[in-house]
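Some notes on the structure that comes next.
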Amino acid sequence: MPGVAGDVSSKGFWSRFLLPGGVWLLLLFVVPICLVLALSFGYTDDLGRAVYSFGLENYQDAFDPLYIPVLLRSIGFAVATAAFCLLLGYPIAYYIARYGGRRKHILIALLVIPFFVNYLVRTYAWVALLADEGLVNSALKDLGLTETGIQFVNTPYAVVGGLVYGYLVFMILPIYASLERMDGSLIEAGKDLFGTPSRVFMHVTLPQTKQGILAGCVLVFLPAVGDFVSAQLLGGPDTYMVGNLIQDQFFAASNWPFGSALTVVMMLFLSIWMLGYLRSAAREARDPVAAGGV
Amino acid sequence: MTGVPPTTVGSGPLGKRKAKAREDGFDRPRFLRVYSWFVYLYLFIPIAVVVIFSFNSVKSLQSFQGFSLQWYDEFLSDPTLRESLFVSLRIALITMIIATIIGTMLAIGLVRAKTRWSPAANVLMLIPLVTPEIVAGISALLIFSQLGIQLSFWTIVIAHITFSISYVTVVVRGRLASMGDEVEQAAMDLGATRLQAVRLVLVPELWPAIVAAGLLTFALSFDDFVLSFFTTGEDIQPLPVRIWSAIRFGVSPTINAIGTLMMVVSLTAVVAAVLLPRFFGRKESGIKVLTGQEE
Amino acid sequence: MTLDPRLNRRQLLRAGAGGALGLYGLGALNGCTVERPIDKPESTAAIKPEIDGDILIYNWAQYMDPDIKKRFSEKYGVEVNEVNFDNLEAMVTKLRAGGRYDIIWPTPEYAYRLNQEGLLHRFNRDSLNNAKGISSFYDKGWWDPDSELSIPYTYYTTGIAWRNDVVSGMTGSWNDLTNPDGAGKMFILDDFQEAIGEANLINGWDLNTADPNELEISKQTLLDQKEYARGISTNSTANLVNGTAVIHQAWNGDIVNVRNQVDNPEDFSYETCEEGVPVGTDLMCIPITARAPGTALKFIDWVIQPDNAAQNVMWNGYPQPVEGGKEAFASLVKDEPSIDVKLEALGDGGMEYRLDDPDDRALWNQTWTEVKAS
Amino acid sequence: MEQATVNETQPSPEGGNGEAIRLEGVTKRFGDFTAVDAIDLSIPRGEFFSLLGPSGCGKTTTLRMLAGFEVPSEGRILLEGEPVEDVPPYRRNVNMVFQSYALFGHLDVADNVAFGLKRRKVPKDEIGRRVDEALELVSLGSRAKSRPSELSGGQRQRVALARALVNRPAVLLLDEPLGALDLKLRRQMQVELKQIQREVGITFVYVTHDQEEALSMSDRIAVMSDGRIAQCGAPEEVYEHPNEEFVAGFIGISNMIEGVVEGPGSVKIGTGKRIQAPVPADCDAGDTVQLSVRPEKIAIDEEIEAGMIEMTGRVVSRIYHGVNTQITVELGQGAHLVALEQATYTASADDRWEEGMEVRVGWHPENCLVLR
């Protein structure tokens with residue numbers, strides 16, 4: 001093929017657009033993550049400084065029976081968070097997509113607004129609301145529903161509640177987008193074929209929005225596993241999550257190599273979901289929301 | 001949702017609204033509407049608490065004693081807190097500009113270039129979106145320490161940009177993919193060089209998506225805590241880091257004032273993302289761009 | 001569509017190839033430390049209190065009345081900027097990462113460590129106008145044998161705060177943390193030293209023991225306490241105010257703040273414990289990397305000026321061991337004397353946390369991590 | 001291929017004054033796939049030339065090579081005598097009307113049309129004048145300040161046309177420009193396009209898969225199949241004398257009856273009947289051929305004239321089209337013939353034949369083509 005300067009499809013021209021972003025992400029995202037991996041084999045010297053090395057001690061510690069429950073607990077909380085987000089998010093996404101009419105955009109915007117109040121402040125507001133002598137308990141007592149108040153905060157429920165509140169929007173938007181893309185006449189056709197609405201939902205709507213549900217679940221699950229804010233502010237003695245563990249290793253216990261090893265272990269646990277998501281995102285490359293855009 | 005033919009609705013009280021489908025089972029507008037109202041309530045109650053108690057006249061989060069601006073006054077009269085607000089704004093602004101430029105270029109490259117490396121770049125671009133923020137924070141902290149770069153304003157900015165590029169790319173790429181490449185070809189056909197085609201046609205055509213992505217990035221960066229927490233250094237800390245330090249050791253209602261002010265800033269960015277495209281004479285709204293469902 | 005819709009294994013591998021290459025390069029890092037050594041200035045001469053630029057102070061959040069900074073700025077025409085940390089290790093991390101702060105707030109133990117690393121400026125206390133008001137307890141402390149590195153900012157005891165309208169039968173012992181009245185509404189401080197220290201005292205060990213066997217037993221003590229605990233938190237003020245806690249391991253300054261915020265201050269009590277009263281001090285030190293050490297020293301002098309000390313005590317609720325500060329605090333707690341700290345009565349070497357050996361420190365950290373994770 | 005080159009030598013009906021485009025052995029491969037396979041083509045100036053074929057036949061790739069968006073893997077492209085394979089699109093004196101119109105949404109109609117002139121640094125007042133002219137030409141003078149999103153499909157199409165024509169290119173390339181329009185608008189635009197082409201006298205190369213469109217508008221048509229040109233010629237020629245089964249089948253409905261050559265002028269079809277047909281000279285006895293008869297050339301019952309080849313069959317279906325009726329007759333053993341019967345002033349086309357009726361069908365031997 002002749003080398004043609006003017007060929008519009010010439011690779012060189014468009015490839016140049018990949019360069020700044022590619023180099024940036026490579027140097028400031030991939031290389032740093034490799035550093036985490038490298039440091040996870042390191043140790044802490046006498047002055048408390050992290051040193052690179054090739055030891056497996058940190059991994060032995062990370063797989064200590066003591067820490068496995070922390071990781072499992074984090075995954076359990078994250079799964080519960082994704083499930084509740086789905087339960088809360090699907091009907092509302094469905095409602096807006098199908099019955100929102102001209103107010104659709106306002107309804108969606110209203111869902112997104114709370115997301116733009118600082119996560120810390122929002123979580124803190126929950127503490128104020130749900131504390132033993134907080135507003136909710138005062139209201140319950142005034143209504144005579146409870147005498148002593150209900151312990152909401154410092155429980156696993158509060159942590160999951162905080163996570164749900166923090167990440168709900170990541171569930172709603174992809175589901176909404178997939179419902180929006182779905183042809184409404186399919187539901188009508190489904191009514192002819194399957195009859196009852198619940199069967200129509202199971203056989204038509206749900207399969208059609210599978211991609212959105214999957215994307216939403218992954219986008220809620222992944223950050224929830226690594227979260228440390230919710231457990232710190234809303235949790236109790238038995239809600240310590242892997243995010244807290246890692247954060248403590250970096251900023252309280254000053255054991256960076258162990259923190260790095262924990263990070264690597266967490267990422268390994270998550271990589272299955274990440275890979276699954278990347279595959280489906282590449283398949284749905286045309287669809288920005290399923291791929292994670294808010 | 002198109003293609004749902006209007007059918008008769010049994011119940012009267014729905015009158016105000018044009019209900020469009022039969023009420024039965026899950027697919028029941030009234031049930032869904034009530035349900036939705038509860039979700040909205042759940043979402044807005046804490047926000048309301050923050051806003052209302054930011055005007056409380058006493059230092060309490062339990063009872064509202066009267067209207068007062070003292071917490072705003074306390075915030076504004078503390079020069080370092082005020083400085084933190086400006087730092088947060090500056091970080092968000094710089095992040096927005098640089099991430100939007102790089103992310104848009106990446107999106108264009110990903111859609112248009114067909115090199116051996118574009119699938120790899122495609123994966124690379126998506127990974128930050130599925131990486132827990134704490135991992136990004138730690139790895140940023142490590143690379144800066146390793147390179148001997150002092151943690152500062154700029155390390156926060158760099159960490160924020162790294163994370164924001166992917167958001168921009170995903171939003172812009174969605175718009176670009178739906179556009180097809182005939183528009184640039186038309187420009188070249190009419191005598192524009194490749195760069196002119198990008199500058200005169202492609203970027204203007206993508207502008208609503210670029211604006212939306214940029215403002216989204218602004219809001220995300222402005223509110224970010226985790227990345228800032230790991231990469232903040234000797235310079236004035238951004239507001240969320242100050243909030244974190246404060247929350248861990250007792251809290252004053254100034255936090256509510258700060259939270260309310262931050263919400264106003266973020267909302268301004270989001271509202272601008274929704275409305276700005278109209279000023280560019282487009283019919284599609286920013287929300288549509290953000291939720292990826294134009295045309 | 002121009003995008004390859006399929007993401008096959010080969011493409012993923014290719015994406016990972018760059019990372020693998022990078023990993024290979026990381027082999028070269030073996031033995032390197034993560035942080036670069038800090039550039040220390042050659043001169044180690046004592047610094048003098050003189051205005052030499054704007055300063056950046058690195059403090060706990062909401063620990064100093066903004067008005068004090070503001071008036072200093074106005075008086076001397078320099079800016080006083082502030083950043084916050086939420087624990088001391090984080091402060092050391094940032095300092096080691098090259099952070100250039102003009103004043104930091106370490107505990108004696110951290111001041112000792114930082115000085116060992118040569119990270120603190122020396123100065124002459126006599127060059128300060130208000131140093132003579134400093135309590136004698138802070139003359140030539142173990143962390144600062146020549147009184148040339150630090151000026152005390154606040155001091156505090158660690159004890160137990162409780163709601164006397166809910167909890168009865170407090171005995172003045174650390175075992176009160178497991179008072180049945182407080183079960184499920186008790187909090188332990190989220191601080192590895194305070195938590196392990198309290199357990200050590202219960203078991204009758206030395207506060208700072210690093211004997212692995214003793215620590216193992218202390219760990220068990222803490223795990224037993226955890227059964228009663230509602231949470232592990234440093235946010236004692238809020239926990240007590242909003243009723244979440246009825247028993248809280250706490251610093252005495254926090255109880256002052258609690259009593260300021262509630263309608264029923266008389267319901268909130270504080271006790272120090274017979275097994276031992278850990279006394280903490282937050283010092284002010286000037287790191288070697290300070291940009292304006294002269295202004296920093298001037299500002300320290302300003303903070304311990306009697307009127308400013310009094311004002312600051314009223315603001316943050318913690319006593320300051322200087323003239324003005326002590327009196328102000330005494331007036332704050334006059335109806336609950338247990339909150340006050342009698343430094344002189346504590347005698348020499350009182351109950352202070354001191355983990356000099358990094359290995360001991362690591363062992364304590366490890367123990368605490370295990371407590372939290374179990 | 002041979003036929004195609006032979007056809008090239010024939011003068012264009014419009015009588016052009018020289019060659020606008022010449023393709024010599026142009027081939028385009030994408031990986032292992034050959035999209036365009038060594039085609040030769042010559043298009044005289046001022047001609048309305050159509051590339052016709054099913055999707056995937058290589059017609060759009062050919063057009064894109066003319067525009068400069070694709071580089072030929074082999075062969076030469078000459079534009080007004082100059083080789084242009086290496087010339088980027090923005091320096092070629094051709095313009096294109098895209099299937100999607102590819103209008104610039106951020107510019108109004110006038111700015112869209114002015115885009116090319118501005119790139120060529122045409123003086124401002126001249127731009128204004130030429131834009132007005134171009135918009136008048138497509139009857140959109142009143143919409144100069146509208147945004148493309150405010151226009152109807154047909155109007156957008158006209159803007160795209162004006163935007164290309166205003167540059168006075170040597171050749172205008174049109175890639176299925178009417179594909180997105182509804183039938184009525186499409187018919188109307190076909191007429192307008194043809195009119196505009198006559199008015200401006202620019203060479204049009206028109207890509208379409210719609211044979212009717214190609215027949216009604218073009219001066220000449222190249223029928224493409226699998227990356228090669230199957231036949232190239234005037235519409236009547238391509239329609240009346242398709243040179244292969246593919247062309248006959250693609251252009252219009254054509255009845256195909258398989259048969260075996262018995263000897264000169266005689267073919268035996270599946271029913272066993274021997275039929276008189278113009279067997280080409282290069283066919284030998286025993287060759288399998290297809291007999292092609294256009295439906296409108298078939299007469300039924302009383303319409304049969306002397307000299308026609310006659311057969312009998314049974315009506316199996318009757319589809320009413322209003323102006324005519326499509327009647328399918330089974331000749332036996334699965335051989336079917338489709339006939340189109342016009343409505344006349346005396347009878348509706350519909351009521352003369354019923355399904356199941358035995359009928360006679362016939363055609364003049366000269367209306368039957370023998371294709372290999």
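In the structure tokens, the first chain shown is A, the next is B, and so on; residue numbers restart at 1 for each chain, and ligands run from 1 in the order shown.
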
(request) For Ala306 (chain D), list every protein, DNA or RNA residue within 12 Å, evaluated using only C-alpha atoms, and leave out those in the same chain fewer than 6 positions away; present the list as a VMD selection string. (result) chain D and resid 299 362 to 365

(request) List every residue of region 15-133 of chain B that DSSP, applied to the backbone, labels as helix (DSSP H, G or I), and write the result as number ranges by chain. (result) B: 15-16, 29-53, 70-77, 79-112, 118-130, 133

(request) Pull out every residue of chain C sitting within 6 Å of chain A, counting only C-alpha atoms, and send them as a PyMOL selection string. (result) chain C and resi 5-7+30-34+89-90+230-232+242-244+358+365

For the residues in the current selection, export N, CA, C and O atoms as a PDB file, in the first residue's frame.
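See out_13.pdb below for the written result:
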```
ATOM      1  N   PRO C   5     -15.773  -4.784  19.255  1.00  0.00           N
ATOM      2  CA  PRO C   5     -16.767  -5.069  20.291  1.00  0.00           C
ATOM      3  C   PRO C   5     -16.334  -6.196  21.208  1.00  0.00           C
ATOM      4  O   PRO C   5     -16.852  -6.342  22.290  1.00  0.00           O
ATOM      5  N   ARG C   6     -15.397  -7.007  20.789  1.00  0.00           N
ATOM      6  CA  ARG C   6     -15.033  -8.131  21.629  1.00  0.00           C
ATOM      7  C   ARG C   6     -13.737  -7.855  22.374  1.00  0.00           C
ATOM      8  O   ARG C   6     -12.816  -7.254  21.860  1.00  0.00           O
ATOM      9  N   LEU C   7     -13.753  -8.270  23.599  1.00  0.00           N
ATOM     10  CA  LEU C   7     -12.550  -8.094  24.401  1.00  0.00           C
ATOM     11  C   LEU C   7     -12.048  -9.494  24.677  1.00  0.00           C
ATOM     12  O   LEU C   7     -12.529 -10.168  25.557  1.00  0.00           O
ATOM     13  N   ASN C  30      14.521  -3.238  44.766  1.00  0.00           N
ATOM     14  CA  ASN C  30      14.824  -4.030  45.959  1.00  0.00           C
ATOM     15  C   ASN C  30      15.753  -3.284  46.915  1.00  0.00           C
ATOM     16  O   ASN C  30      16.836  -2.846  46.549  1.00  0.00           O
ATOM     17  N   GLY C  31      15.308  -3.144  48.141  1.00  0.00           N
ATOM     18  CA  GLY C  31      16.139  -2.492  49.151  1.00  0.00           C
ATOM     19  C   GLY C  31      15.940  -0.992  49.242  1.00  0.00           C
ATOM     20  O   GLY C  31      16.396  -0.378  50.190  1.00  0.00           O
ATOM     21  N   CYS C  32      15.239  -0.398  48.275  1.00  0.00           N
ATOM     22  CA  CYS C  32      14.995   1.043  48.346  1.00  0.00           C
ATOM     23  C   CYS C  32      13.871   1.328  49.336  1.00  0.00           C
ATOM     24  O   CYS C  32      12.958   0.529  49.492  1.00  0.00           O
ATOM     25  N   THR C  33      13.936   2.473  49.969  1.00  0.00           N
ATOM     26  CA  THR C  33      12.804   2.877  50.790  1.00  0.00           C
ATOM     27  C   THR C  33      11.834   3.650  49.919  1.00  0.00           C
ATOM     28  O   THR C  33      12.196   4.170  48.863  1.00  0.00           O
ATOM     29  N   VAL C  34      10.582   3.686  50.384  1.00  0.00           N
ATOM     30  CA  VAL C  34       9.575   4.383  49.594  1.00  0.00           C
ATOM     31  C   VAL C  34       9.834   5.882  49.592  1.00  0.00           C
ATOM     32  O   VAL C  34       9.804   6.539  48.558  1.00  0.00           O
ATOM     33  N   GLU C  89       0.398   9.313  63.249  1.00  0.00           N
ATOM     34  CA  GLU C  89       1.163   8.544  62.276  1.00  0.00           C
ATOM     35  C   GLU C  89       1.013   9.171  60.893  1.00  0.00           C
ATOM     36  O   GLU C  89       1.958   9.236  60.119  1.00  0.00           O
ATOM     37  N   ALA C  90      -0.209   9.634  60.618  1.00  0.00           N
ATOM     38  CA  ALA C  90      -0.441  10.304  59.348  1.00  0.00           C
ATOM     39  C   ALA C  90       0.426  11.558  59.259  1.00  0.00           C
ATOM     40  O   ALA C  90       0.985  11.874  58.203  1.00  0.00           O
ATOM     41  N   ARG C 230     -20.046  -0.627  71.916  1.00  0.00           N
ATOM     42  CA  ARG C 230     -20.902  -0.246  70.801  1.00  0.00           C
ATOM     43  C   ARG C 230     -20.014   0.146  69.630  1.00  0.00           C
ATOM     44  O   ARG C 230     -20.395   0.051  68.477  1.00  0.00           O
ATOM     45  N   GLY C 231     -18.825   0.639  69.942  1.00  0.00           N
ATOM     46  CA  GLY C 231     -17.961   1.053  68.850  1.00  0.00           C
ATOM     47  C   GLY C 231     -16.585   1.415  69.325  1.00  0.00           C
ATOM     48  O   GLY C 231     -16.301   1.441  70.525  1.00  0.00           O
ATOM     49  N   ILE C 232     -15.716   1.659  68.355  1.00  0.00           N
ATOM     50  CA  ILE C 232     -14.363   2.106  68.624  1.00  0.00           C
ATOM     51  C   ILE C 232     -14.241   3.446  67.916  1.00  0.00           C
ATOM     52  O   ILE C 232     -14.353   3.508  66.693  1.00  0.00           O
ATOM     53  N   ASN C 242     -25.019  12.848  71.422  1.00  0.00           N
ATOM     54  CA  ASN C 242     -26.233  12.356  70.771  1.00  0.00           C
ATOM     55  C   ASN C 242     -26.752  11.059  71.394  1.00  0.00           C
ATOM     56  O   ASN C 242     -27.606  10.392  70.828  1.00  0.00           O
ATOM     57  N   GLY C 243     -26.225  10.722  72.587  1.00  0.00           N
ATOM     58  CA  GLY C 243     -26.822   9.635  73.337  1.00  0.00           C
ATOM     59  C   GLY C 243     -26.423   8.251  72.895  1.00  0.00           C
ATOM     60  O   GLY C 243     -26.921   7.256  73.402  1.00  0.00           O
ATOM     61  N   THR C 244     -25.520   8.174  71.925  1.00  0.00           N
ATOM     62  CA  THR C 244     -25.104   6.874  71.437  1.00  0.00           C
ATOM     63  C   THR C 244     -24.256   6.157  72.481  1.00  0.00           C
ATOM     64  O   THR C 244     -24.264   4.941  72.567  1.00  0.00           O
ATOM     65  N   PRO C 358      11.036   0.638  67.889  1.00  0.00           N
ATOM     66  CA  PRO C 358      10.093   0.457  66.778  1.00  0.00           C
ATOM     67  C   PRO C 358       9.452  -0.929  66.794  1.00  0.00           C
ATOM     68  O   PRO C 358       8.287  -1.075  66.403  1.00  0.00           O
ATOM     69  N   ASN C 365       0.946  -2.064  67.538  1.00  0.00           N
ATOM     70  CA  ASN C 365       0.084  -1.828  66.380  1.00  0.00           C
ATOM     71  C   ASN C 365      -0.565  -3.116  65.907  1.00  0.00           C
ATOM     72  O   ASN C 365      -1.756  -3.159  65.598  1.00  0.00           O
TER      73      ASN C 365
END
```

Can you list, as a short mmCIF file (atom, residue, chain, number, x, y, z; two decimals) with C-alpha atoms, in the first residue's frame, every protein, DNA or RNA residue that comes within 8 Å of region 126-129 of chain B when you count only C-alpha atoms, leaving out same-chain residues fewer than 4 positions away?
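The resulting part-v5.cif:
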```cif
data_model
loop_
_atom_site.label_atom_id
_atom_site.label_comp_id
_atom_site.auth_asym_id
_atom_site.auth_seq_id
_atom_site.Cartn_x
_atom_site.Cartn_y
_atom_site.Cartn_z
CA PHE A 29 -2.12 4.71 37.20
CA MET A 274 -13.62 -6.25 37.30
CA LEU A 278 -14.53 -4.86 31.47
CA ALA A 291 -19.63 1.64 31.01
CA GLY A 292 -19.69 3.72 34.13
CA ASN B 122 -9.61 0.78 25.94
CA ALA B 136 -5.96 4.70 43.66
CA PHE B 163 -9.22 9.37 38.04
CA SER B 166 -11.88 7.87 32.45
CA TYR B 167 -15.17 9.56 33.30
#
```

(message) As an exercise, work out the distance from CA of Ser218 (chain C) to CA of Val229 (chain A) in Å and give it to one decimal place.
(response)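 Computed distance, CA of Ser218 (chain C) to CA of Val229 (chain A), equals 28.1 Å.
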